[in-house]
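**Student:** So here's run_14.txt (compact mmCIF, C-alpha atoms).
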```txt
# COMPACT_ATOMS: atom_id res chain seq x y z
CA MET A 1 -24.66 -5.72 21.83
CA SER A 2 -21.81 -4.88 24.21
CA ASN A 3 -18.66 -3.59 22.55
CA GLY A 4 -16.54 -5.77 24.83
CA GLY A 5 -14.29 -2.80 25.57
CA LEU A 6 -11.86 -2.64 28.46
CA HIS A 7 -10.32 0.73 29.39
CA SER A 8 -7.57 -1.37 30.93
CA GLY A 9 -7.18 -5.11 30.98
CA ALA A 10 -4.83 -8.03 31.28
CA ILE A 11 -4.19 -11.55 30.07
CA ILE A 12 -2.73 -13.96 32.63
CA HIS A 13 -1.48 -17.56 32.75
CA ALA A 14 -1.10 -18.07 28.98
CA ASP A 15 0.63 -21.38 28.33
CA VAL A 16 2.81 -19.47 25.88
CA LEU A 17 2.82 -15.77 25.03
CA ALA A 18 4.61 -15.17 21.73
CA THR A 19 5.81 -11.56 21.56
CA MET A 20 7.21 -11.51 17.99
CA ASP A 21 9.89 -9.10 19.24
CA ASP A 22 13.34 -8.94 17.65
CA ALA A 23 14.56 -11.83 19.80
CA GLY A 24 11.47 -13.96 19.18
CA THR A 25 10.75 -14.06 22.91
CA GLU A 26 8.22 -16.68 24.05
CA ILE A 27 6.99 -16.42 27.64
CA ALA A 28 5.73 -19.45 29.55
CA ASP A 29 2.85 -18.70 31.95
CA GLY A 30 2.75 -15.37 30.18
CA ALA A 31 0.85 -12.21 30.95
CA LEU A 32 0.37 -8.75 29.54
CA ILE A 33 -1.39 -5.60 30.67
CA TRP A 34 -2.86 -2.85 28.53
CA ARG A 35 -4.22 0.59 29.19
CA ASP A 36 -6.00 2.99 26.80
CA GLY A 37 -5.42 0.67 23.86
CA ALA A 38 -1.67 0.20 24.35
CA ILE A 39 0.35 -2.55 26.04
CA VAL A 40 2.06 -1.31 29.21
CA ALA A 41 3.66 -4.51 30.53
CA CYS A 42 4.49 -8.00 29.29
CA GLY A 43 6.16 -10.89 31.10
CA PRO A 44 5.63 -13.97 33.29
CA THR A 45 2.38 -13.85 35.26
CA ALA A 46 4.21 -14.03 38.60
CA GLU A 47 6.32 -10.98 37.75
CA LEU A 48 3.34 -8.89 36.65
CA ALA A 49 1.11 -9.91 39.57
CA PRO A 50 1.85 -6.75 41.64
CA GLN A 51 0.59 -4.58 38.74
CA LEU A 52 -2.71 -6.43 38.36
CA ALA A 53 -4.58 -4.90 41.29
CA GLY A 54 -7.89 -3.45 40.16
CA ILE A 55 -7.51 -4.69 36.57
CA GLU A 56 -9.92 -7.18 34.99
CA ALA A 57 -7.73 -10.15 34.08
CA ILE A 58 -8.62 -12.80 31.51
CA ASP A 59 -7.33 -16.27 32.29
CA ALA A 60 -5.60 -17.89 29.31
CA ARG A 61 -4.73 -21.30 30.75
CA GLY A 62 -4.72 -23.91 27.98
CA CYS A 63 -4.16 -21.18 25.41
CA VAL A 64 -1.42 -19.57 23.33
CA VAL A 65 -1.45 -15.78 22.97
CA THR A 66 -0.05 -14.14 19.84
CA PRO A 67 -0.24 -10.72 18.25
CA GLY A 68 -3.38 -10.44 16.17
CA LEU A 69 -2.96 -11.80 12.66
CA VAL A 70 -2.55 -9.30 9.82
CA ASN A 71 -4.10 -9.76 6.38
CA THR A 72 -2.18 -7.87 3.71
CA HIS A 73 -4.30 -8.61 0.63
CA HIS A 74 -8.02 -9.11 0.13
CA HIS A 75 -10.87 -8.22 -2.21
CA LEU A 76 -13.65 -8.29 0.34
CA TYR A 77 -16.38 -7.64 -2.22
CA GLN A 78 -15.63 -11.11 -3.62
CA SER A 79 -17.03 -12.80 -0.50
CA LEU A 80 -20.33 -13.20 -2.38
CA THR A 81 -18.76 -15.04 -5.33
CA ARG A 82 -17.22 -18.20 -3.93
CA ALA A 83 -17.19 -21.38 -6.03
CA VAL A 84 -18.88 -19.76 -9.04
CA PRO A 85 -19.53 -22.33 -11.82
CA GLY A 86 -17.59 -21.62 -14.98
CA CYS A 87 -14.41 -20.49 -13.26
CA GLN A 88 -13.83 -23.17 -10.66
CA ASP A 89 -11.06 -24.68 -12.79
CA ALA A 90 -9.84 -21.56 -14.62
CA SER A 91 -6.52 -19.76 -14.39
CA LEU A 92 -6.34 -16.04 -13.56
CA PHE A 93 -7.39 -14.38 -16.83
CA GLY A 94 -10.22 -16.82 -17.59
CA TRP A 95 -11.38 -16.66 -13.98
CA LEU A 96 -11.60 -12.85 -14.17
CA LYS A 97 -13.53 -12.87 -17.43
CA THR A 98 -16.17 -15.14 -15.91
CA LEU A 99 -16.58 -13.00 -12.80
CA TYR A 100 -16.48 -9.47 -14.20
CA PRO A 101 -20.13 -9.58 -15.43
CA ILE A 102 -21.33 -10.68 -11.98
CA TRP A 103 -19.35 -7.98 -10.19
CA ALA A 104 -20.74 -5.38 -12.62
CA ARG A 105 -24.18 -5.94 -11.02
CA TYR A 106 -23.02 -5.04 -7.49
CA THR A 107 -24.72 -2.24 -5.58
CA PRO A 108 -23.47 -0.38 -2.49
CA ASP A 109 -25.56 -2.69 -0.29
CA ASP A 110 -23.91 -5.74 -1.88
CA VAL A 111 -20.42 -4.38 -1.22
CA PHE A 112 -21.36 -3.58 2.38
CA ALA A 113 -22.75 -7.09 2.94
CA ALA A 114 -19.77 -8.79 1.29
CA THR A 115 -17.25 -6.70 3.22
CA ARG A 116 -18.95 -7.32 6.54
CA LEU A 117 -19.04 -11.06 5.82
CA GLY A 118 -15.37 -11.18 4.85
CA LEU A 119 -14.21 -9.16 7.85
CA ALA A 120 -16.31 -11.28 10.20
CA GLU A 121 -14.62 -14.37 8.80
CA LEU A 122 -11.21 -12.76 9.31
CA ALA A 123 -11.96 -11.69 12.89
CA LEU A 124 -13.14 -15.20 13.72
CA SER A 125 -9.81 -16.51 12.40
CA GLY A 126 -7.76 -14.23 14.68
CA CYS A 127 -7.22 -11.26 12.38
CA THR A 128 -6.96 -7.80 13.96
CA LEU A 129 -5.81 -5.78 10.92
CA SER A 130 -6.81 -6.21 7.29
CA SER A 131 -6.16 -4.36 4.10
CA ASP A 132 -8.69 -4.41 1.26
CA HIS A 133 -8.30 -3.79 -2.47
CA LEU A 134 -11.54 -2.47 -3.99
CA TYR A 135 -10.94 -1.70 -7.65
CA LEU A 136 -14.42 -1.62 -9.20
CA PHE A 137 -17.18 0.85 -8.44
CA PRO A 138 -20.37 -0.04 -10.35
CA ASN A 139 -23.81 1.41 -9.65
CA GLY A 140 -22.77 4.03 -7.15
CA VAL A 141 -20.41 1.88 -5.05
CA ARG A 142 -17.91 3.96 -3.03
CA LEU A 143 -14.98 3.11 -0.78
CA GLU A 144 -16.90 4.24 2.28
CA ASP A 145 -19.29 1.31 1.82
CA THR A 146 -16.42 -0.91 2.97
CA ILE A 147 -15.37 1.42 5.80
CA ALA A 148 -18.89 1.41 7.19
CA ALA A 149 -18.88 -2.40 7.13
CA ALA A 150 -15.55 -2.56 8.97
CA GLN A 151 -16.96 -0.47 11.81
CA THR A 152 -19.58 -3.18 12.46
CA ILE A 153 -16.85 -5.79 13.07
CA GLY A 154 -14.20 -3.78 14.93
CA ILE A 155 -10.86 -4.73 13.41
CA ARG A 156 -8.34 -2.23 12.04
CA PHE A 157 -8.97 -1.55 8.38
CA HIS A 158 -6.72 -0.40 5.55
CA PRO A 159 -9.00 0.06 2.53
CA THR A 160 -7.29 0.98 -0.72
CA ARG A 161 -8.91 2.99 -3.50
CA GLY A 162 -8.30 0.74 -6.47
CA ALA A 163 -9.16 1.37 -10.09
CA MET A 164 -9.39 -0.06 -13.59
CA SER A 165 -9.08 2.30 -16.54
CA VAL A 166 -8.10 0.15 -19.55
CA GLY A 167 -11.04 -1.90 -20.80
CA GLU A 168 -11.36 -4.46 -23.56
CA SER A 169 -11.71 -1.85 -26.29
CA LEU A 170 -8.22 -0.55 -25.44
CA GLY A 171 -6.60 -3.98 -25.09
CA GLY A 172 -7.21 -4.46 -21.38
CA LEU A 173 -8.87 -7.40 -19.66
CA PRO A 174 -11.95 -5.89 -17.91
CA PRO A 175 -15.16 -5.00 -19.78
CA ASP A 176 -15.50 -1.33 -20.62
CA SER A 177 -18.50 -1.08 -18.27
CA LEU A 178 -16.21 -1.56 -15.25
CA VAL A 179 -13.49 0.95 -16.08
CA GLU A 180 -13.38 4.61 -15.04
CA ALA A 181 -11.93 7.78 -16.50
CA GLU A 182 -8.50 8.42 -15.05
CA PRO A 183 -9.08 12.05 -13.94
CA ALA A 184 -12.15 10.89 -11.98
CA ILE A 185 -10.13 8.08 -10.40
CA LEU A 186 -7.43 10.45 -9.19
CA ASP A 187 -10.01 12.92 -7.88
CA ASP A 188 -11.74 10.22 -5.88
CA MET A 189 -8.43 8.97 -4.48
CA ILE A 190 -7.85 12.46 -3.10
CA ARG A 191 -11.42 12.61 -1.74
CA VAL A 192 -11.25 9.36 0.23
CA ILE A 193 -7.76 10.04 1.60
CA ASP A 194 -8.81 13.48 2.81
CA ALA A 195 -12.03 12.12 4.30
CA PHE A 196 -10.94 8.89 5.96
CA HIS A 197 -7.16 8.46 6.27
CA ASP A 198 -5.77 8.58 9.81
CA ALA A 199 -1.98 8.72 10.03
CA GLY A 200 -1.92 8.73 13.83
CA GLU A 201 -0.71 6.12 16.29
CA GLY A 202 -3.34 3.44 16.84
CA ALA A 203 -5.34 4.48 13.76
CA MET A 204 -8.35 2.27 13.02
CA VAL A 205 -8.58 3.36 9.34
CA ARG A 206 -5.81 4.15 6.89
CA VAL A 207 -6.44 4.61 3.18
CA GLY A 208 -4.09 3.55 0.38
CA VAL A 209 -3.87 4.02 -3.38
CA ALA A 210 -4.17 0.87 -5.49
CA PRO A 211 -4.52 0.78 -9.30
CA CYS A 212 -5.64 -2.78 -9.93
CA SER A 213 -2.88 -4.27 -12.08
CA PRO A 214 -0.62 -3.54 -15.06
CA PHE A 215 -3.16 -5.21 -17.37
CA SER A 216 -6.11 -3.04 -16.31
CA VAL A 217 -4.68 0.48 -15.94
CA SER A 218 -2.47 2.69 -18.07
CA ARG A 219 1.17 3.50 -17.54
CA GLU A 220 0.13 7.09 -16.89
CA LEU A 221 -2.32 6.16 -14.12
CA MET A 222 0.30 4.00 -12.40
CA ARG A 223 2.75 6.91 -12.46
CA ASP A 224 0.22 9.55 -11.42
CA ALA A 225 -1.13 7.38 -8.60
CA ALA A 226 2.39 6.98 -7.21
CA ILE A 227 2.94 10.74 -7.33
CA LEU A 228 -0.40 11.34 -5.60
CA ALA A 229 0.27 8.73 -2.90
CA ARG A 230 3.63 10.22 -2.03
CA ASP A 231 2.20 13.73 -1.98
CA LYS A 232 -0.45 12.50 0.49
CA ASP A 233 2.01 10.25 2.37
CA VAL A 234 -0.10 7.09 2.02
CA MET A 235 0.76 3.50 1.05
CA MET A 236 0.59 2.09 -2.48
CA HIS A 237 -0.61 -1.36 -3.53
CA THR A 238 -1.21 -3.39 -6.70
CA HIS A 239 -0.96 -6.90 -8.15
CA LEU A 240 2.33 -7.94 -9.72
CA ALA A 241 3.80 -11.02 -11.41
CA GLU A 242 0.91 -13.22 -10.29
CA ASP A 243 1.27 -15.90 -12.94
CA ALA A 244 2.95 -16.71 -16.26
CA ASP A 245 0.24 -14.88 -18.25
CA ASP A 246 0.87 -11.77 -16.16
CA VAL A 247 4.60 -11.86 -16.94
CA ARG A 248 3.94 -12.56 -20.63
CA TYR A 249 1.60 -9.56 -20.83
CA SER A 250 4.27 -7.32 -19.31
CA LEU A 251 6.92 -8.51 -21.73
CA GLU A 252 4.64 -8.07 -24.74
CA LYS A 253 3.05 -4.74 -23.78
CA PHE A 254 5.86 -2.99 -21.93
CA GLY A 255 9.00 -4.75 -23.17
CA CYS A 256 10.20 -5.59 -19.66
CA ARG A 257 9.52 -7.82 -16.69
CA PRO A 258 6.92 -6.77 -14.08
CA GLY A 259 9.48 -5.73 -11.46
CA ASP A 260 11.29 -3.49 -13.92
CA TYR A 261 7.97 -1.99 -15.04
CA ALA A 262 7.03 -1.25 -11.44
CA GLU A 263 10.37 0.39 -10.73
CA SER A 264 10.18 2.56 -13.86
CA LEU A 265 6.90 4.08 -12.63
CA GLY A 266 7.90 4.69 -9.02
CA TRP A 267 6.30 1.52 -7.67
CA THR A 268 9.13 0.31 -5.47
CA GLY A 269 10.06 1.42 -1.96
CA PRO A 270 9.03 0.92 1.68
CA ASP A 271 5.68 2.64 1.02
CA VAL A 272 4.76 0.02 -1.62
CA TRP A 273 3.54 -3.54 -1.28
CA HIS A 274 2.65 -5.85 -4.16
CA ALA A 275 0.30 -8.82 -4.07
CA HIS A 276 1.46 -12.28 -5.13
CA CYS A 277 4.84 -11.87 -6.88
CA VAL A 278 4.76 -15.59 -7.67
CA GLN A 279 6.88 -15.16 -10.78
CA LEU A 280 9.61 -12.78 -9.59
CA ASP A 281 13.05 -13.69 -10.91
CA PRO A 282 16.30 -13.30 -8.91
CA SER A 283 16.98 -9.79 -10.21
CA GLU A 284 13.47 -8.64 -9.19
CA ILE A 285 13.88 -10.21 -5.76
CA ALA A 286 17.15 -8.30 -5.34
CA LEU A 287 15.38 -5.10 -6.44
CA PHE A 288 12.61 -5.54 -3.88
CA ALA A 289 15.10 -6.34 -1.12
CA ARG A 290 17.24 -3.30 -1.95
CA THR A 291 14.26 -0.94 -2.05
CA ARG A 292 12.38 -2.56 0.89
CA THR A 293 9.35 -3.17 -1.32
CA GLY A 294 6.82 -5.39 0.42
CA VAL A 295 5.13 -8.54 -0.85
CA ALA A 296 1.74 -9.97 0.18
CA HIS A 297 2.06 -13.74 -0.22
CA CYS A 298 -1.29 -15.46 -0.89
CA PRO A 299 -0.53 -19.19 -1.05
CA CYS A 300 -4.07 -20.62 -1.12
CA SER A 301 -5.15 -18.37 -3.99
CA ASN A 302 -1.93 -19.16 -5.87
CA CYS A 303 -2.76 -22.86 -5.54
CA ARG A 304 -6.43 -22.43 -6.49
CA LEU A 305 -5.59 -20.55 -9.71
CA GLY A 306 -2.56 -22.69 -10.56
CA SER A 307 -0.32 -19.62 -10.48
CA GLY A 308 2.70 -21.41 -9.03
CA ILE A 309 4.72 -21.39 -5.82
CA ALA A 310 6.07 -17.97 -4.85
CA PRO A 311 9.82 -17.87 -4.07
CA VAL A 312 9.23 -17.08 -0.41
CA ARG A 313 12.41 -18.66 0.90
CA ALA A 314 14.51 -16.72 -1.60
CA MET A 315 12.67 -13.50 -0.75
CA LEU A 316 13.13 -13.97 3.00
CA ASP A 317 16.81 -14.79 2.60
CA ALA A 318 17.30 -11.69 0.43
CA GLY A 319 15.51 -9.47 2.95
CA VAL A 320 12.27 -8.75 1.08
CA PRO A 321 9.56 -7.63 3.56
CA LEU A 322 6.86 -10.33 3.52
CA GLY A 323 3.36 -10.70 4.89
CA LEU A 324 0.45 -13.06 4.26
CA GLY A 325 -2.85 -12.40 2.51
CA VAL A 326 -5.96 -14.51 2.11
CA ASP A 327 -6.79 -12.82 -1.24
CA GLY A 328 -10.36 -12.46 -2.45
CA SER A 329 -12.85 -15.15 -1.53
CA ALA A 330 -13.55 -15.84 -5.20
CA SER A 331 -10.05 -17.30 -5.56
CA SER A 332 -9.06 -18.44 -2.07
CA ASP A 333 -12.63 -19.35 -1.07
CA SER A 334 -11.65 -18.94 2.59
CA GLY A 335 -10.50 -16.13 4.86
CA HIS A 336 -8.60 -18.09 7.51
CA LEU A 337 -5.13 -16.65 8.09
CA LEU A 338 -3.76 -19.61 10.05
CA ALA A 339 -4.69 -21.77 7.07
CA GLU A 340 -2.67 -19.39 4.89
CA ALA A 341 0.30 -19.65 7.27
CA ARG A 342 0.13 -23.44 7.14
CA GLN A 343 -0.18 -23.45 3.35
CA ALA A 344 2.77 -21.06 3.03
CA MET A 345 4.90 -23.39 5.13
CA LEU A 346 3.85 -26.50 3.22
CA LEU A 347 4.34 -25.01 -0.24
CA GLN A 348 7.87 -23.88 0.53
CA ARG A 349 8.63 -27.42 1.70
CA VAL A 350 7.26 -28.84 -1.54
CA ALA A 351 9.59 -26.53 -3.45
CA GLY A 352 12.64 -26.56 -1.19
CA GLY A 353 12.53 -29.48 1.21
CA ALA A 354 11.31 -30.09 4.74
CA GLY A 355 13.41 -27.31 6.25
CA ALA A 356 12.46 -24.61 3.75
CA LEU A 357 10.09 -22.68 6.05
CA SER A 358 9.44 -23.19 9.75
CA ALA A 359 6.16 -22.80 11.59
CA ARG A 360 7.57 -19.83 13.51
CA GLU A 361 8.68 -18.11 10.31
CA ALA A 362 5.19 -18.57 8.85
CA LEU A 363 3.57 -17.23 12.02
CA ARG A 364 5.89 -14.23 12.05
CA MET A 365 4.87 -13.43 8.45
CA ALA A 366 1.23 -13.65 9.56
CA THR A 367 1.75 -11.12 12.38
CA ARG A 368 4.72 -8.77 12.54
CA GLY A 369 5.66 -9.23 8.89
CA GLY A 370 2.23 -8.15 7.71
CA ALA A 371 2.09 -5.20 10.06
CA GLU A 372 5.45 -3.96 8.83
CA ILE A 373 4.59 -4.05 5.12
CA LEU A 374 1.38 -2.13 5.89
CA GLY A 375 3.46 0.54 7.59
CA ARG A 376 2.19 -0.29 11.08
CA SER A 377 5.17 -0.18 13.42
CA ASP A 378 2.64 0.18 16.25
CA CYS A 379 1.14 -3.28 15.64
CA GLY A 380 2.26 -6.87 15.12
CA GLN A 381 4.18 -7.35 18.39
CA LEU A 382 3.27 -7.86 22.04
CA GLN A 383 5.56 -5.34 23.69
CA PRO A 384 5.10 -2.25 25.88
CA GLY A 385 4.17 0.70 23.68
CA LYS A 386 2.57 -1.41 20.94
CA ARG A 387 -1.19 -1.51 20.45
CA ALA A 388 -3.18 -4.11 22.38
CA ASP A 389 -4.10 -6.24 19.35
CA LEU A 390 -3.95 -9.93 20.23
CA ALA A 391 -5.50 -13.35 19.76
CA ILE A 392 -6.01 -16.04 22.40
CA TRP A 393 -5.84 -19.52 20.84
CA PRO A 394 -7.22 -22.58 22.65
CA VAL A 395 -4.79 -25.46 22.19
CA ALA A 396 -6.41 -27.86 24.67
CA GLN A 397 -8.90 -28.95 22.03
CA ILE A 398 -9.25 -31.93 19.72
CA ALA A 399 -7.39 -30.33 16.80
CA SER A 400 -4.32 -29.36 18.82
CA THR A 401 -4.17 -31.76 21.76
CA GLY A 402 -1.15 -34.04 21.62
CA ASN A 403 1.27 -31.30 20.56
CA TRP A 404 4.72 -30.98 22.12
CA ASP A 405 5.18 -27.38 20.98
CA ALA A 406 2.05 -25.30 21.43
CA LEU A 407 3.21 -22.31 19.36
CA ALA A 408 4.31 -24.40 16.37
CA ALA A 409 1.05 -26.32 16.64
CA LEU A 410 -0.85 -23.17 15.67
CA VAL A 411 0.56 -23.75 12.18
CA PHE A 412 1.01 -27.54 12.12
CA ALA A 413 -2.29 -28.36 13.87
CA PRO A 414 -4.31 -25.14 13.95
CA PRO A 415 -7.40 -24.76 16.12
CA ALA A 416 -10.63 -23.93 14.35
CA GLY A 417 -10.35 -20.36 15.56
CA PRO A 418 -9.36 -18.13 18.46
CA ARG A 419 -11.26 -18.04 21.74
CA ASP A 420 -10.86 -14.28 22.09
CA VAL A 421 -9.59 -11.44 19.90
CA PHE A 422 -8.82 -7.92 21.10
CA VAL A 423 -8.17 -4.80 19.02
CA GLU A 424 -7.01 -1.66 20.79
CA GLY A 425 -7.82 -3.52 24.02
CA ARG A 426 -11.46 -3.95 22.99
CA GLY A 427 -13.06 -7.35 22.55
CA VAL A 428 -13.85 -8.13 18.91
CA VAL A 429 -14.34 -11.87 19.46
CA ARG A 430 -15.17 -13.32 22.90
CA GLY A 431 -15.77 -17.01 23.47
CA GLY A 432 -15.58 -17.64 19.73
CA GLU A 433 -18.40 -15.20 18.94
CA LEU A 434 -18.37 -11.75 17.36
CA VAL A 435 -18.95 -8.92 19.83
CA LEU A 436 -20.22 -5.98 17.76
CA SER A 437 -22.43 -7.86 15.28
CA ALA A 438 -24.58 -10.96 15.56
CA GLN A 439 -23.17 -13.66 13.31
CA THR A 440 -26.67 -14.62 12.18
CA GLU A 441 -27.22 -11.03 11.04
CA VAL A 442 -23.96 -11.00 9.07
CA VAL A 443 -24.89 -14.23 7.30
CA ALA A 444 -28.48 -13.16 6.62
CA GLY A 445 -27.32 -9.89 5.06
CA ALA A 446 -24.89 -11.70 2.80
CA GLN A 447 -27.47 -14.29 1.78
CA ALA A 448 -29.96 -11.57 0.82
CA ALA A 449 -27.37 -9.86 -1.36
CA LEU A 450 -26.39 -13.20 -2.91
CA ALA A 451 -30.00 -14.02 -3.76
CA ARG A 452 -30.33 -10.73 -5.65
CA LEU A 453 -27.09 -11.31 -7.58
CA MET A 454 -28.12 -14.85 -8.55
CA ALA A 455 -31.65 -13.87 -9.61
```
Can the structure from this file be put into structure tokens for me?

**Tutor:**
Amino acid sequence: MSNGGLHSGAIIHADVLATMDDAGTEIADGALIWRDGAIVACGPTAELAPQLAGIEAIDARGCVVTPGLVNTHHHLYQSLTRAVPGCQDASLFGWLKTLYPIWARYTPDDVFAATRLGLAELALSGCTLSSDHLYLFPNGVRLEDTIAAAQTIGIRFHPTRGAMSVGESLGGLPPDSLVEAEPAILDDMIRVIDAFHDAGEGAMVRVGVAPCSPFSVSRELMRDAAILARDKDVMMHTHLAEDADDVRYSLEKFGCRPGDYAESLGWTGPDVWHAHCVQLDPSEIALFARTRTGVAHCPCSNCRLGSGIAPVRAMLDAGVPLGLGVDGSASSDSGHLLAEARQAMLLQRVAGGAGALSAREALRMATRGGAEILGRSDCGQLQPGKRADLAIWPVAQIASTGNWDALAALVFAPPAGPRDVFVEGRGVVRGGELVLSAQTEVVAGAQAALARLMA
């Protein structure tokens, strides 16, 4: 299939073009031009018209254009374990114990199929950059199985080399069959960083270091992983303070709250982002704000597992860097980032009143906020010099027609998906269809893997 690439290109006549710049600029009848993967001009269509000669321009009438959405937390391998009986109504620890035996049967082909499925779902929901947290490696699975899958979809990919090292026999949660020896974990972290990490501007793949959680790895591995990550100058990621059981475990095992435990091991700073943080207290929020430690907020998963409502308003007000994540499809069951933005807005209003979080704040978290906590200053905004990662949203459709504010309607009354998605100026979704892979092929591959797992 065609890769949909444009060496140079332009969007013209967008009803609204939301830049997500420092001023929150929104351009009526907006246009932008890109060349060699980077935006070179942005403004009203009439002003940019003299620069459009010889450039293929895409008409965006009836549409809103935003930066591509950014997913800051996912377990893409879980895309094959949605709605599993036995854990549909379980909280975090019980949910994990039901799923671990299924995940232990995964092969490299299963991880490839699940990752491709999850990334296709994300692309079709307007996502141009996604992280992934792969923390189990049964039966020869390797991180490059996910990287290969990402290349078939075309969005930017930040895989993290996760790990579990403390099994049930040592007081951890996962079965011993899914944990690894810590020296081997550290060696493989070095291997995948050296092989796949790209620190350059416009990088399509960046690798991070991500021990799974305080209840599945040792204190020593957390510390050593932080040292390794900083030596290699890569980002660090883990789960933290996800629910009350998580906090209770930290207090009982480590004698301190999760935020204090993270800080004691070097797990705070602008090169760190934690998933969930539903149960952070005011002192931990102040710590994260002071150290510029990022948080991936995953509202749908938090609801599904009954984990609680994360203190997003308090974190934003304190200055904690925040992005959105869909989390693994075994707990969120869906990979639609606009749905996450809407849920984030609604949950904060349940907790703090109707003015607790605006649609524009939620959308900013879903774009620029996510890019910033992933260390991507080159993404998340539509401005000259930034990468040409963008989504074109049709708002003249049943779901959105009747709105008086087209940008806010993306969150209040979201369309089913974007019309077009571009990454590095290349088409990833055109006319609501994937460009690099046939959607029927993605589904068929996932169904074949699922049939084997369920046999």

**Student:** Within 8 Å of range 396-413 of chain A, which residues of range 4-106 of chain A show up? Give each one with its shortest atom-to-atom distance in Å (one decimal) and the two atoms involved, counting only C-alpha atoms, rows by chain then rising residue number, as JSON lines.

**Tutor:**
```
{"residue": "A:Val16", "atom": "CA", "partner": "A:Leu407", "partner_atom": "CA", "distance": 7.1}
{"residue": "A:Ala18", "atom": "CA", "partner": "A:Leu407", "partner_atom": "CA", "distance": 7.7}
{"residue": "A:Gly62", "atom": "CA", "partner": "A:Ala396", "partner_atom": "CA", "distance": 5.4}
{"residue": "A:Cys63", "atom": "CA", "partner": "A:Ala396", "partner_atom": "CA", "distance": 7.1}
{"residue": "A:Val64", "atom": "CA", "partner": "A:Leu407", "partner_atom": "CA", "distance": 6.7}
```

**Student:** Quick one: distance from CA of Arg206 in chain A to CA of Thr160 in chain A in Å, one decimal?

**Tutor:** 8.4 Å

**Student:** Counting all atoms listed in the file, figure out which residue out of A:Ser283, A:Glu144, A:Leu76, A:Ser177 gets nearest to Arg105 in chain A.

**Tutor:**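 Nearest candidate to Arg105 in chain A out of A:Ser283, A:Glu144, A:Leu76, A:Ser177: A:Ser177.
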
**Student:** Show which residues sit within 12 Å of range 90-94 of chain A, as a list of chain:residue names. Count all atoms listed in the file, and ignore same-chain residues fewer than 5 positions away.

**Tutor:**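 So the residues in contact are A:Ala83, A:Val84, A:Pro85, A:Leu99, A:Tyr100, A:Gly172, A:Leu173, A:Pro174, A:Phe215, A:Ser216, A:His239, A:Ala241, A:Glu242, A:Asp243, A:Ala244, A:Asp245, A:Asp246, A:Tyr249, A:Ser301, A:Asn302, A:Cys303, A:Arg304, A:Leu305, A:Gly306, A:Ser307, A:Gly308, A:Ala330, A:Ser331.
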
**Student:** Which is closer to Ser437 in chain A than all the others in A:Val234, A:Ile11, A:Ala150, A:Ala104, using only C-alpha atoms?

**Tutor:**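 Checking each candidate against Ser437 in chain A, we get A:Ala150 as the closest.
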
**Student:** Choose the residue, out of A:Pro44, A:Ile153, A:Ala341, A:Asp145, that has the smallest atom-to-atom separation from Ala438 in chain A; count all atoms listed in the file.

**Tutor:** A:Ile153

**Student:** Using all atoms listed in the file, give me every residue within 10 Å of (-0.2, 6.0, -18.8) in file coordinates, as a ChimeraX atom specification.

**Tutor:** /A:165-166,182,217-224,265

**Student:** Kindly indicate which residue among A:Gly294, A:Pro67, A:Gly9, A:Gly167 lies nearest to Gln381 in chain A, using all atoms listed in the file for the distances.

**Tutor:**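 Between A:Gly294, A:Pro67, A:Gly9, A:Gly167, the residue approaching Gln381 in chain A most closely is A:Pro67.
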
**Student:** Would you be able to write out as a ChimeraX atom specification which residues have an atom within 12 Å of (14.0, -8.1, 18.6) in the file's coordinates, counting all atoms listed in the file?

**Tutor:** /A:19-26,368,381-383

**Student:** Given the choices A:Tyr135, A:Ala275, A:Ala148, A:Ile155, which gets closest to Ile185 in chain A if the distance is worked out from all atoms listed in the file?

**Tutor:**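 Between A:Tyr135, A:Ala275, A:Ala148, A:Ile155, the residue approaching Ile185 in chain A most closely is A:Tyr135.
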
**Student:** Between A:Lys232, A:Arg387, A:Arg290, A:Arg313, which residue has the minimum interatomic distance to Ala356 in chain A, considering all atoms listed in the file?

**Tutor:**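 Result for the nearest residue to Ala356 in chain A: A:Arg313.
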
**Student:** Can you pull out every residue within 8 Å of Ala446 in chain A, counting only C-alpha atoms, but drop anything in the same chain fewer than 6 positions away, and send it as a VMD selection string?

**Tutor:** chain A and resid 80 110 113 to 114 117

**Student:** Quick one: distance from CA of Trp103 in chain A to CA of Asp327 in chain A in Å, one decimal?

**Tutor:**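 One can read the CA of Trp103 in chain A to CA of Asp327 in chain A distance as 16.2 Å.
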
**Student:** Find the spatial neighbours of range 39-42 of chain A, counting only C-alpha atoms, within a cut-off of 6 Å - ignore same-chain residues fewer than 6 positions away - and output them as a tab-separated table (two decimals) with C-alpha atoms, in the coordinates of the input.

**Tutor:**
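Written output follows (out-v7.tsv):
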```tsv
chain	number	residue	atom	x	y	z
A	31	ALA	CA	0.85	-12.21	30.95
A	32	LEU	CA	0.37	-8.75	29.54
A	33	ILE	CA	-1.39	-5.60	30.67
A	384	PRO	CA	5.10	-2.25	25.88
A	385	GLY	CA	4.17	0.70	23.68
A	386	LYS	CA	2.57	-1.41	20.94
A	387	ARG	CA	-1.19	-1.51	20.45
A	388	ALA	CA	-3.18	-4.11	22.38
```

**Student:** CA of Asp389 in chain A to CA of Arg156 in chain A: how many Å, to one decimal?

**Tutor:**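 It comes out at 9.4 Å.
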
**Student:** Excluding same-chain residues fewer than 2 positions from Asp36 in chain A, what lies within 9 Å of it counting only C-alpha atoms, as a short mmCIF file (atom, residue, chain, number, x, y, z; two decimals) with C-alpha atoms, in the coordinates of the input?

**Tutor:**
```
data_model
loop_
_atom_site.label_atom_id
_atom_site.label_comp_id
_atom_site.auth_asym_id
_atom_site.auth_seq_id
_atom_site.Cartn_x
_atom_site.Cartn_y
_atom_site.Cartn_z
CA LEU A 6 -11.86 -2.64 28.46
CA HIS A 7 -10.32 0.73 29.39
CA SER A 8 -7.57 -1.37 30.93
CA TRP A 34 -2.86 -2.85 28.53
CA ALA A 38 -1.67 0.20 24.35
CA ILE A 39 0.35 -2.55 26.04
CA ALA A 388 -3.18 -4.11 22.38
CA GLU A 424 -7.01 -1.66 20.79
CA GLY A 425 -7.82 -3.52 24.02
#
```
